[in-house]
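Enquirer: Just one file: work.txt, with compact mmCIF, C-alpha atoms.
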# COMPACT_ATOMS: atom_id res chain seq x y z
CA MET A 1 -81.76 -12.28 -9.41
CA GLY A 2 -82.88 -14.59 -6.65
CA ARG A 3 -86.22 -15.02 -4.96
CA LEU A 4 -86.35 -11.47 -3.61
CA GLY A 5 -85.97 -10.05 -7.10
CA ALA A 6 -89.65 -10.50 -7.79
CA ASP A 7 -90.74 -8.35 -4.85
CA ARG A 8 -88.42 -5.43 -5.50
CA GLY A 9 -90.98 -3.56 -7.56
CA ARG A 10 -93.45 -3.61 -4.69
CA ILE A 11 -90.74 -2.64 -2.19
CA ALA A 12 -89.73 0.27 -4.45
CA ARG A 13 -93.31 1.58 -4.57
CA VAL A 14 -93.71 1.38 -0.78
CA LEU A 15 -90.32 3.00 -0.21
CA GLY A 16 -91.17 5.77 -2.66
CA LEU A 17 -94.44 6.48 -0.90
CA ALA A 18 -92.64 6.53 2.45
CA LEU A 19 -90.13 9.09 1.12
CA ILE A 20 -92.94 11.36 -0.11
CA VAL A 21 -94.67 11.18 3.29
CA ALA A 22 -91.35 11.79 5.08
CA GLY A 23 -90.72 14.86 2.91
CA VAL A 24 -94.14 16.33 3.66
CA VAL A 25 -93.85 15.59 7.40
CA ALA A 26 -90.37 17.17 7.47
CA PHE A 27 -91.85 20.38 6.07
CA PHE A 28 -93.98 20.79 9.21
CA LEU A 29 -91.36 19.60 11.69
CA VAL A 30 -88.20 21.29 10.43
CA PRO A 31 -88.02 25.08 10.74
CA GLY A 32 -86.44 27.44 8.21
CA ALA A 33 -85.39 27.10 4.60
CA VAL A 34 -84.07 23.56 5.12
CA ALA A 35 -87.71 22.40 5.20
CA TRP A 36 -88.11 23.25 1.49
CA THR A 37 -84.98 21.28 0.60
CA LEU A 38 -86.26 18.26 2.53
CA VAL A 39 -89.67 18.49 0.85
CA PHE A 40 -88.03 18.68 -2.56
CA ALA A 41 -85.69 15.75 -1.84
CA GLY A 42 -88.43 13.58 -0.32
CA VAL A 43 -91.11 14.19 -2.92
CA SER A 44 -88.85 14.05 -5.99
CA THR A 45 -86.95 10.90 -4.96
CA GLY A 46 -90.14 9.24 -3.72
CA ALA A 47 -92.00 9.96 -6.94
CA PHE A 48 -89.08 8.81 -9.06
CA LEU A 49 -88.74 5.60 -7.04
CA SER A 50 -92.47 4.83 -7.22
CA LEU A 51 -92.95 5.60 -10.89
CA VAL A 52 -89.71 4.35 -12.37
CA ALA A 53 -88.61 1.44 -10.17
CA GLY A 54 -92.11 0.19 -9.43
CA ALA A 55 -93.27 0.00 -13.02
CA PRO A 56 -94.63 -3.31 -14.33
CA SER A 57 -92.45 -4.82 -17.04
CA VAL A 58 -95.41 -5.48 -19.34
CA PRO A 59 -97.86 -2.59 -19.86
CA ALA A 60 -101.15 -3.46 -18.12
CA SER A 61 -103.13 -2.46 -21.20
CA VAL A 62 -101.58 -5.16 -23.36
CA VAL A 63 -101.52 -7.99 -20.80
CA PRO A 64 -105.05 -9.29 -21.61
CA ALA A 65 -104.26 -9.40 -25.33
CA LEU A 66 -100.97 -11.16 -24.71
CA VAL A 67 -102.50 -13.70 -22.34
CA GLU A 68 -105.49 -14.46 -24.53
CA GLY A 69 -103.62 -14.29 -27.84
CA PRO A 70 -104.71 -16.47 -30.73
CA ALA A 71 -105.23 -19.44 -28.37
CA GLU A 72 -108.54 -20.54 -29.86
CA ASP A 73 -107.22 -20.45 -33.43
CA VAL A 74 -104.12 -22.42 -32.51
CA ALA A 75 -106.24 -25.04 -30.73
CA SER A 76 -108.39 -25.37 -33.86
CA LEU A 77 -105.30 -25.68 -36.03
CA LEU A 78 -103.86 -28.46 -33.87
CA ASP A 79 -107.16 -30.33 -33.98
CA ALA A 80 -107.48 -29.89 -37.74
CA PHE A 81 -104.00 -31.32 -38.32
CA ALA A 82 -104.51 -33.96 -35.60
CA LEU A 83 -101.30 -32.87 -33.91
CA ASN A 84 -101.30 -34.75 -30.64
CA GLY A 85 -97.62 -34.83 -29.72
CA ARG A 86 -96.23 -33.04 -26.72
CA ALA A 87 -94.79 -29.61 -27.39
CA VAL A 88 -91.08 -28.95 -27.64
CA PHE A 89 -89.92 -25.41 -26.88
CA VAL A 90 -86.99 -24.52 -29.11
CA PRO A 91 -84.75 -21.57 -28.20
CA PRO A 92 -83.09 -19.40 -30.86
CA GLY A 93 -80.05 -20.97 -32.46
CA GLY A 94 -78.69 -21.83 -35.87
CA ASN A 95 -81.12 -20.74 -38.57
CA LEU A 96 -83.75 -19.98 -35.95
CA THR A 97 -83.43 -16.44 -34.65
CA ARG A 98 -86.58 -16.41 -32.49
CA ASP A 99 -88.13 -19.00 -30.18
CA ARG A 100 -90.56 -21.56 -31.61
CA VAL A 101 -92.71 -24.27 -30.13
CA PHE A 102 -92.69 -27.47 -32.18
CA ILE A 103 -95.78 -29.66 -31.95
CA PRO A 104 -95.35 -33.04 -33.61
CA ALA A 105 -98.20 -35.16 -34.94
CA SER A 106 -97.72 -37.94 -32.44
CA GLU A 107 -95.68 -38.61 -29.32
CA ASN A 108 -92.46 -36.66 -29.16
CA GLU A 109 -90.34 -37.48 -32.13
CA LYS A 110 -86.68 -37.15 -31.47
CA PRO A 111 -84.62 -35.41 -32.50
CA VAL A 112 -86.62 -32.31 -33.27
CA PRO A 113 -86.15 -31.41 -36.96
CA LEU A 114 -83.91 -28.46 -37.69
CA LEU A 115 -86.14 -25.41 -37.55
CA ASP A 116 -85.67 -22.11 -39.29
CA ASP A 117 -87.45 -18.78 -39.34
CA ALA A 118 -89.02 -19.34 -42.76
CA SER A 119 -90.74 -22.70 -42.27
CA THR A 120 -93.76 -23.57 -40.19
CA ILE A 121 -94.61 -27.10 -41.28
CA HIS A 122 -91.96 -29.76 -40.92
CA ARG A 123 -91.64 -33.44 -41.65
CA GLY A 124 -90.73 -35.24 -38.47
CA PRO A 125 -87.80 -37.70 -38.49
CA VAL A 126 -90.00 -40.67 -37.54
CA ASP A 127 -92.37 -41.95 -40.25
CA PHE A 128 -92.22 -38.51 -41.84
CA LYS A 129 -95.12 -37.43 -39.72
CA ILE A 130 -95.94 -33.80 -39.90
CA GLY A 131 -95.30 -31.26 -37.16
CA VAL A 132 -95.72 -27.53 -36.88
CA ALA A 133 -93.37 -24.97 -35.44
CA LEU A 134 -95.40 -22.06 -34.12
CA VAL A 135 -94.58 -18.77 -32.45
CA PRO A 136 -95.03 -19.50 -28.73
CA ALA A 137 -97.97 -17.61 -27.26
CA GLY A 138 -95.88 -16.48 -24.29
CA ARG A 139 -92.90 -15.19 -26.23
CA ALA A 140 -94.13 -11.59 -26.18
CA LEU A 141 -94.44 -11.70 -22.38
CA ILE A 142 -90.91 -13.03 -22.02
CA ASP A 143 -89.52 -10.50 -24.51
CA ALA A 144 -91.24 -7.61 -22.71
CA HIS A 145 -89.88 -8.73 -19.34
CA VAL A 146 -86.38 -9.28 -20.73
CA ASP A 147 -86.57 -5.81 -22.32
CA ALA A 148 -87.61 -4.22 -19.03
CA THR A 149 -85.24 -6.07 -16.74
CA GLY A 150 -82.22 -6.37 -19.00
CA ALA A 151 -81.96 -9.99 -17.87
CA SER A 152 -80.17 -12.54 -20.01
CA LEU A 153 -81.74 -15.97 -19.90
CA ALA A 154 -79.20 -17.78 -22.08
CA GLY A 155 -77.36 -20.23 -19.87
CA ALA A 156 -78.80 -18.72 -16.69
CA PRO A 157 -78.78 -21.00 -13.62
CA LEU A 158 -82.12 -22.28 -12.32
CA PRO A 159 -82.41 -19.90 -9.31
CA GLU A 160 -82.02 -16.93 -11.67
CA VAL A 161 -84.62 -18.28 -14.07
CA GLU A 162 -86.95 -18.88 -11.13
CA GLY A 163 -86.43 -15.28 -9.98
CA PHE A 164 -87.03 -14.02 -13.51
CA LEU A 165 -90.30 -15.94 -13.84
CA ARG A 166 -91.46 -14.96 -10.35
CA GLY A 167 -90.78 -11.34 -11.29
CA LEU A 168 -92.76 -11.72 -14.51
CA GLY A 169 -95.70 -13.17 -12.60
CA LEU A 170 -95.74 -10.87 -9.58
CA GLU A 171 -94.87 -7.54 -11.19
CA ASN A 172 -97.52 -7.95 -13.87
CA GLY A 173 -100.14 -9.69 -11.75
CA LEU A 174 -100.06 -12.81 -13.93
CA PHE A 175 -99.36 -15.59 -11.47
CA THR A 176 -98.04 -16.26 -7.97
CA GLY A 177 -96.27 -18.99 -6.06
CA LEU A 178 -93.98 -20.07 -8.87
CA ARG A 179 -91.65 -22.89 -7.91
CA LEU A 180 -89.01 -24.36 -10.17
CA THR A 181 -87.30 -27.56 -9.10
CA ARG A 182 -85.12 -30.19 -10.70
CA VAL A 183 -86.24 -33.76 -10.12
CA HIS A 184 -83.73 -36.20 -11.61
CA ASP A 185 -83.95 -35.67 -15.39
CA SER A 186 -86.89 -33.31 -15.26
CA LEU A 187 -87.63 -29.69 -14.52
CA VAL A 188 -90.87 -29.21 -12.62
CA VAL A 189 -92.60 -25.82 -12.60
CA ALA A 190 -95.72 -25.02 -10.60
CA PHE A 191 -97.54 -21.69 -10.50
CA SER A 192 -100.97 -20.31 -9.66
CA PRO A 193 -102.41 -18.00 -12.33
CA ARG A 194 -103.99 -14.76 -11.14
CA VAL A 195 -105.49 -13.90 -14.48
CA ALA A 196 -108.31 -15.75 -16.19
CA THR A 197 -106.12 -18.01 -18.25
CA PRO A 198 -107.81 -20.20 -20.83
CA CYS A 199 -105.87 -23.21 -19.49
CA PHE A 200 -108.49 -23.93 -16.86
CA GLY A 201 -111.81 -25.65 -17.06
CA ALA A 202 -113.63 -27.94 -19.42
CA MET A 203 -114.47 -24.96 -21.59
CA SER A 204 -110.77 -24.39 -22.29
CA THR A 205 -110.25 -22.69 -25.63
CA SER A 206 -106.47 -22.84 -25.70
CA PRO A 207 -104.30 -25.77 -26.69
CA PRO A 208 -103.73 -28.17 -23.79
CA CYS A 209 -100.77 -27.25 -21.59
CA ASP A 210 -98.67 -30.06 -23.07
CA ARG A 211 -99.29 -28.84 -26.63
CA GLY A 212 -98.05 -25.31 -26.30
CA GLY A 213 -100.74 -24.24 -23.86
CA CYS A 214 -101.80 -20.75 -22.96
CA ALA A 215 -99.49 -17.74 -22.88
CA LEU A 216 -98.43 -18.39 -19.28
CA CYS A 217 -97.43 -22.04 -19.86
CA SER A 218 -95.79 -20.99 -23.07
CA ALA A 219 -93.85 -18.17 -21.40
CA VAL A 220 -92.52 -20.59 -18.80
CA GLY A 221 -91.50 -23.06 -21.50
CA CYS A 222 -89.77 -20.36 -23.55
CA ALA A 223 -87.81 -19.04 -20.57
CA LEU A 224 -86.65 -22.50 -19.54
CA ALA A 225 -85.66 -23.46 -23.10
CA ARG A 226 -83.62 -20.28 -23.39
CA SER A 227 -81.90 -20.97 -20.08
CA VAL A 228 -80.91 -24.56 -20.93
CA ASP A 229 -80.17 -23.42 -24.50
CA ARG A 230 -81.54 -26.55 -26.17
CA PRO A 231 -84.97 -27.87 -27.19
CA LEU A 232 -87.07 -28.63 -24.13
CA ALA A 233 -89.89 -31.15 -24.43
CA VAL A 234 -92.95 -31.01 -22.22
CA HIS A 235 -93.30 -34.33 -20.43
CA GLU A 236 -96.51 -33.65 -18.59
CA ALA A 237 -98.54 -30.53 -17.98
CA GLY A 238 -101.92 -29.52 -16.79
CA PRO A 239 -103.96 -27.83 -14.08
CA ASP A 240 -103.86 -29.31 -10.59
CA GLY A 241 -106.54 -27.52 -8.64
CA SER A 242 -105.76 -23.83 -8.94
CA THR A 243 -102.16 -24.53 -9.89
CA ILE A 244 -100.61 -25.38 -13.22
CA VAL A 245 -97.88 -28.00 -12.98
CA MET A 246 -95.53 -28.53 -15.93
CA THR A 247 -92.81 -31.16 -16.16
CA PHE A 248 -90.12 -30.83 -18.82
CA ASP A 249 -87.67 -33.50 -19.99
CA ALA A 250 -84.36 -31.85 -19.19
CA PRO A 251 -81.49 -34.20 -18.41
CA PRO A 252 -78.57 -32.34 -16.85
CA PRO A 253 -75.89 -31.44 -19.40
CA ALA A 254 -73.46 -34.31 -19.87
CA GLU A 255 -70.09 -33.67 -18.29
CA ASP A 256 -67.06 -33.56 -20.50
CA PRO A 257 -65.51 -37.03 -20.11
CA ALA A 258 -62.05 -35.52 -20.38
CA GLU A 259 -62.76 -33.33 -17.36
CA ALA A 260 -64.60 -36.04 -15.49
CA SER A 261 -61.61 -38.33 -15.53
CA PRO A 262 -58.41 -36.60 -14.39
CA ASP A 263 -56.24 -39.64 -15.07
CA PRO A 264 -54.92 -39.46 -18.68
CA GLU A 265 -54.49 -43.26 -18.89
CA GLU A 266 -58.04 -43.79 -17.76
CA ARG A 267 -59.23 -41.41 -20.45
CA GLU A 268 -57.66 -43.60 -23.12
CA MET B 1 -80.03 -5.61 -10.36
CA ARG B 2 -82.71 -4.30 -12.73
CA LEU B 3 -81.91 -1.25 -14.81
CA ASP B 4 -84.91 0.73 -13.52
CA HIS B 5 -83.75 0.06 -9.96
CA VAL B 6 -80.24 1.23 -10.84
CA LEU B 7 -81.69 4.44 -12.34
CA ALA B 8 -83.82 5.05 -9.24
CA LEU B 9 -80.85 4.40 -6.94
CA VAL B 10 -78.60 6.81 -8.86
CA VAL B 11 -81.27 9.54 -8.76
CA LEU B 12 -81.84 8.90 -5.05
CA ILE B 13 -78.13 9.31 -4.29
CA TYR B 14 -77.79 12.31 -6.60
CA ILE B 15 -80.70 14.24 -5.06
CA SER B 16 -79.53 13.33 -1.54
CA VAL B 17 -76.07 14.73 -2.29
CA LEU B 18 -77.61 17.87 -3.81
CA SER B 19 -79.78 18.34 -0.73
CA ILE B 20 -76.75 18.08 1.56
CA LEU B 21 -74.71 20.51 -0.55
CA LEU B 22 -77.56 23.02 -0.96
CA PRO B 23 -79.47 22.99 2.33
CA ASP B 24 -80.61 26.65 2.11
CA GLY B 25 -83.84 25.78 0.28
CA ASP B 26 -83.09 27.28 -3.13
CA LEU B 27 -85.69 25.20 -4.97
CA GLY B 28 -84.90 26.79 -8.34
CA LEU B 29 -81.27 25.70 -8.23
CA LEU B 30 -82.19 22.28 -6.87
CA SER B 31 -84.74 21.60 -9.58
CA VAL B 32 -82.43 22.77 -12.37
CA LEU B 33 -79.55 20.61 -11.11
CA THR B 34 -81.93 17.67 -10.74
CA LEU B 35 -83.15 18.19 -14.30
CA ILE B 36 -79.59 18.22 -15.58
CA GLY B 37 -78.84 15.01 -13.68
CA ILE B 38 -81.91 13.21 -15.01
CA LEU B 39 -81.16 14.39 -18.57
CA VAL B 40 -77.59 13.08 -18.35
CA LEU B 41 -78.83 9.79 -16.90
CA ARG B 42 -81.48 9.46 -19.60
CA GLU B 43 -78.93 9.95 -22.34
CA LEU B 44 -76.47 7.51 -20.81
CA ALA B 45 -79.11 4.80 -20.30
CA GLY B 46 -81.10 5.65 -23.41
CA SER B 47 -80.25 2.66 -25.57
CA PHE B 48 -80.50 0.15 -22.74
CA VAL B 49 -83.92 0.99 -21.33
CA SER B 50 -87.30 -0.04 -22.67
CA ARG B 51 -89.69 2.40 -24.33
CA GLY B 52 -92.05 2.28 -21.33
CA LEU B 53 -89.31 3.08 -18.85
CA ARG B 54 -88.02 5.90 -21.05
CA ALA B 55 -91.52 7.39 -21.14
CA ARG B 56 -91.66 7.33 -17.34
CA VAL B 57 -88.26 9.04 -17.07
CA ASP B 58 -89.43 11.57 -19.66
CA PHE B 59 -92.29 12.51 -17.36
CA PHE B 60 -89.72 13.78 -14.85
CA VAL B 61 -87.81 15.55 -17.62
CA TYR B 62 -90.98 17.45 -18.61
CA ALA B 63 -91.71 18.26 -14.95
CA GLY B 64 -88.14 19.56 -14.63
CA LEU B 65 -88.54 21.66 -17.77
CA VAL B 66 -91.68 23.26 -16.34
CA ALA B 67 -89.76 24.04 -13.13
CA PHE B 68 -86.89 25.42 -15.22
CA ALA B 69 -89.31 27.66 -17.14
CA ILE B 70 -90.70 28.99 -13.86
CA VAL B 71 -87.17 29.70 -12.61
CA VAL B 72 -86.30 31.55 -15.82
CA ILE B 73 -89.49 33.63 -15.67
CA GLN B 74 -88.76 34.54 -12.04
CA ARG B 75 -85.19 35.57 -12.87
CA VAL B 76 -86.28 37.65 -15.82
CA ARG B 77 -88.91 39.36 -13.72
CA GLY B 78 -86.26 39.97 -11.04
CA ILE B 79 -83.88 41.52 -13.58
CA LEU B 80 -86.59 43.71 -15.06
CA ASN B 81 -87.83 44.64 -11.59
CA LEU B 82 -91.41 43.65 -12.46
As structure tokens, how would this structure be written, given the file I've shared?
Expert:
Amino acid sequence: MGRLGADRGRIARVLGLALIVAGVVAFFLVPGAVAWTLVFAGVSTGAFLSLVAGAPSVPASVVPALVEGPAEDVASLLDAFALNGRAVFVPPGGNLTRDRVFIPASENEKPVPLLDDASTIHRGPVDFKIGVALVPAGRALIDAHVDATGASLAGAPLPEVEGFLRGLGLENGLFTGLRLTRVHDSLVVAFSPRVATPCFGAMSTSPPCDRGGCALCSAVGCALARSVDRPLAVHEAGPDGSTIVMTFDAPPPAEDPAEASPDPEERE
Amino acid sequence: MRLDHVLALVVLIYISVLSILLPDGDLGLLSVLTLIGILVLRELAGSFVSRGLRARVDFFVYAGLVAFAIVVIQRVRGILNL
């Protein structure tokens, strides 16, 4: 998809408008019956381009509900259960058919217990501390964008995931300036929200960014977990000025030792 | 490439080709052929596109149907010499 992918919607709208104007201008400049053909071609293609290719992937009417979501309730739930561990975004796999975000009671307990669609509360592997697996607040945003774009996030390389997330932010007016970089064993994402996200400010009503966060943080976590196709733990997250910076623990996939060493004797 | 961009590109090419082949300004024929093209495209892409995108394409289908109705009325009036 690449970096330009995010701006294609805007380009399509401008191009469509230009075609409509060109069609109307041609009507006055071109004599004879050809003028009607040019008007028809210009206006119809321009309108189609503007309305169909320039459409936001998430309907504007549902964006506020998706962004706000049940953030306040989830924050209350986490406080009530004293769940202070950092969130782990878990992509679909095994008995889990939809994404979940697992929030352990204390610092990240590894490995993440096996999750399934039916259970919400899980005993962690360390000291049997409790953890909850919730529906990520940003999953609906990701699903809507995947539905609209036809993109497949599973196993997608980082530049494609970056393009996907930039598209989600720009086309729906959610956030700008998204950057996704790999730093050693971590994935670092930074973006500037354009909507009033509950992540900011002392009056924040949503869970902190490292405990599932608002819909935008959650959407980013979901997309990245799907792309690496394994549970992705938040290492550090929070607002930095007008930007949200999230760091995920994501060591690069281990190379197959058989492939890494071409010498058969060395393998043994 | 996004599916909505592919749809828009196909329609752009299709209408451009129609305009080259029918430059004499017969809007009735152009609109009917465009309607047929969009209907075919909608059926082919139907299961792959989102509900929102389908609704936007449907808008053009309804506009095409209105144009088609006008063409039919004109032809009938022409035949009946009204």
Enquirer: Using only C-alpha atoms and a distance of at most 10 Å, pull out the residues of chain A that contact chain B, as a compact mmCIF listing (two decimals) with C-alpha atoms, in the coordinates of the input.
Expert:
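Final output, saved to selection_11.txt:
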# COMPACT_ATOMS: atom_id res chain seq x y z
CA MET A 1 -81.76 -12.28 -9.41
CA GLY A 5 -85.97 -10.05 -7.10
CA ARG A 8 -88.42 -5.43 -5.50
CA GLY A 9 -90.98 -3.56 -7.56
CA ALA A 12 -89.73 0.27 -4.45
CA GLY A 16 -91.17 5.77 -2.66
CA GLY A 32 -86.44 27.44 8.21
CA ALA A 33 -85.39 27.10 4.60
CA VAL A 34 -84.07 23.56 5.12
CA ALA A 35 -87.71 22.40 5.20
CA TRP A 36 -88.11 23.25 1.49
CA THR A 37 -84.98 21.28 0.60
CA LEU A 38 -86.26 18.26 2.53
CA VAL A 39 -89.67 18.49 0.85
CA PHE A 40 -88.03 18.68 -2.56
CA ALA A 41 -85.69 15.75 -1.84
CA GLY A 42 -88.43 13.58 -0.32
CA SER A 44 -88.85 14.05 -5.99
CA THR A 45 -86.95 10.90 -4.96
CA GLY A 46 -90.14 9.24 -3.72
CA ALA A 47 -92.00 9.96 -6.94
CA PHE A 48 -89.08 8.81 -9.06
CA LEU A 49 -88.74 5.60 -7.04
CA SER A 50 -92.47 4.83 -7.22
CA LEU A 51 -92.95 5.60 -10.89
CA VAL A 52 -89.71 4.35 -12.37
CA ALA A 53 -88.61 1.44 -10.17
CA GLY A 54 -92.11 0.19 -9.43
CA ALA A 55 -93.27 0.00 -13.02
CA PRO A 56 -94.63 -3.31 -14.33
CA SER A 57 -92.45 -4.82 -17.04
CA VAL A 58 -95.41 -5.48 -19.34
CA PRO A 59 -97.86 -2.59 -19.86
CA ALA A 144 -91.24 -7.61 -22.71
CA HIS A 145 -89.88 -8.73 -19.34
CA VAL A 146 -86.38 -9.28 -20.73
CA ASP A 147 -86.57 -5.81 -22.32
CA ALA A 148 -87.61 -4.22 -19.03
CA THR A 149 -85.24 -6.07 -16.74
CA GLY A 150 -82.22 -6.37 -19.00
CA ALA A 151 -81.96 -9.99 -17.87
Enquirer: I'd like the interatomic distance between CA of Val43 in chain A and CA of Gly64 in chain B, to a tenth of an Å.
Expert: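 For CA of Val43 in chain A relative to CA of Gly64 in chain B, the distance reads 13.2 Å.
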Enquirer: Once you add 8 Å to each side, what are the centre and edge lengths of the axis-aligned box holding all listed atoms of range 8-26 of chain B? One decimal in Å, as JSON, if you can.
Expert:
{"center_x": -79.3, "center_y": 15.8, "center_z": -3.5, "size_x": 25.1, "size_y": 38.9, "size_z": 27.6}
Enquirer: Once you count all atoms listed in the file, which residues end up no further than 12 Å from (-83.0, 28.5, -16.4) in the file's frame, shown as a list in words?
Expert: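 Nearby residues: Gly28, Leu29, Leu30, Ser31, Val32, Leu33, Leu35, Ile36, Gly64, Leu65, Val66, Ala67, Phe68, Ala69, Ile70, Val71, Val72, Ile73, Gln74, Arg75 and Val76 of chain B.
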Enquirer: Name the residues in contact with range 152-161 of chain A at a cut-off of 9 Å, using only C-alpha atoms, excluding same-chain residues fewer than 3 positions from it; report them as a PyMOL selection string.
Expert: chain A and resi 1-3+146+149+164-166+180-182+223-229
Enquirer: For CA of Pro193 in chain A and CA of Val245 in chain A, determine how far apart the two atoms are, in Å to one decimal place.
Expert: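 Those two atoms sit 11.0 Å apart.
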Enquirer: Hey, what's within 7 Å of Thr120 in chain A if we count all atoms listed in the file and toss same-chain stuff fewer than 3 positions away? As a VMD selection string, please?
Expert: chain A and resid 132 to 134
Enquirer: Could you dump the residues just selected with C-alpha atoms as a tab-separated table (two decimals), keeping the file's coordinate frame?
Expert:
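again31.tsv written:
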chain	number	residue	atom	x	y	z
A	132	VAL	CA	-95.72	-27.53	-36.88
A	133	ALA	CA	-93.37	-24.97	-35.44
A	134	LEU	CA	-95.40	-22.06	-34.12
Enquirer: Counting only C-alpha atoms, which of A:Pro91, A:Gly241, A:Gly23, A:Gly213 gets nearest to Glu68 in chain A?
Expert: A:Gly213
Enquirer: Quote the spacing between CA of Ala63 in chain B and CA of Ile20 in chain A in Å to one decimal place.
Expert: 16.4 Å
Enquirer: Compile the contact shell of range 137-142 of chain A as a count of residues only: residues with an atom at most 8 Å away, counting only C-alpha atoms, same-chain residues fewer than 2 positions apart removed.
Expert: 23
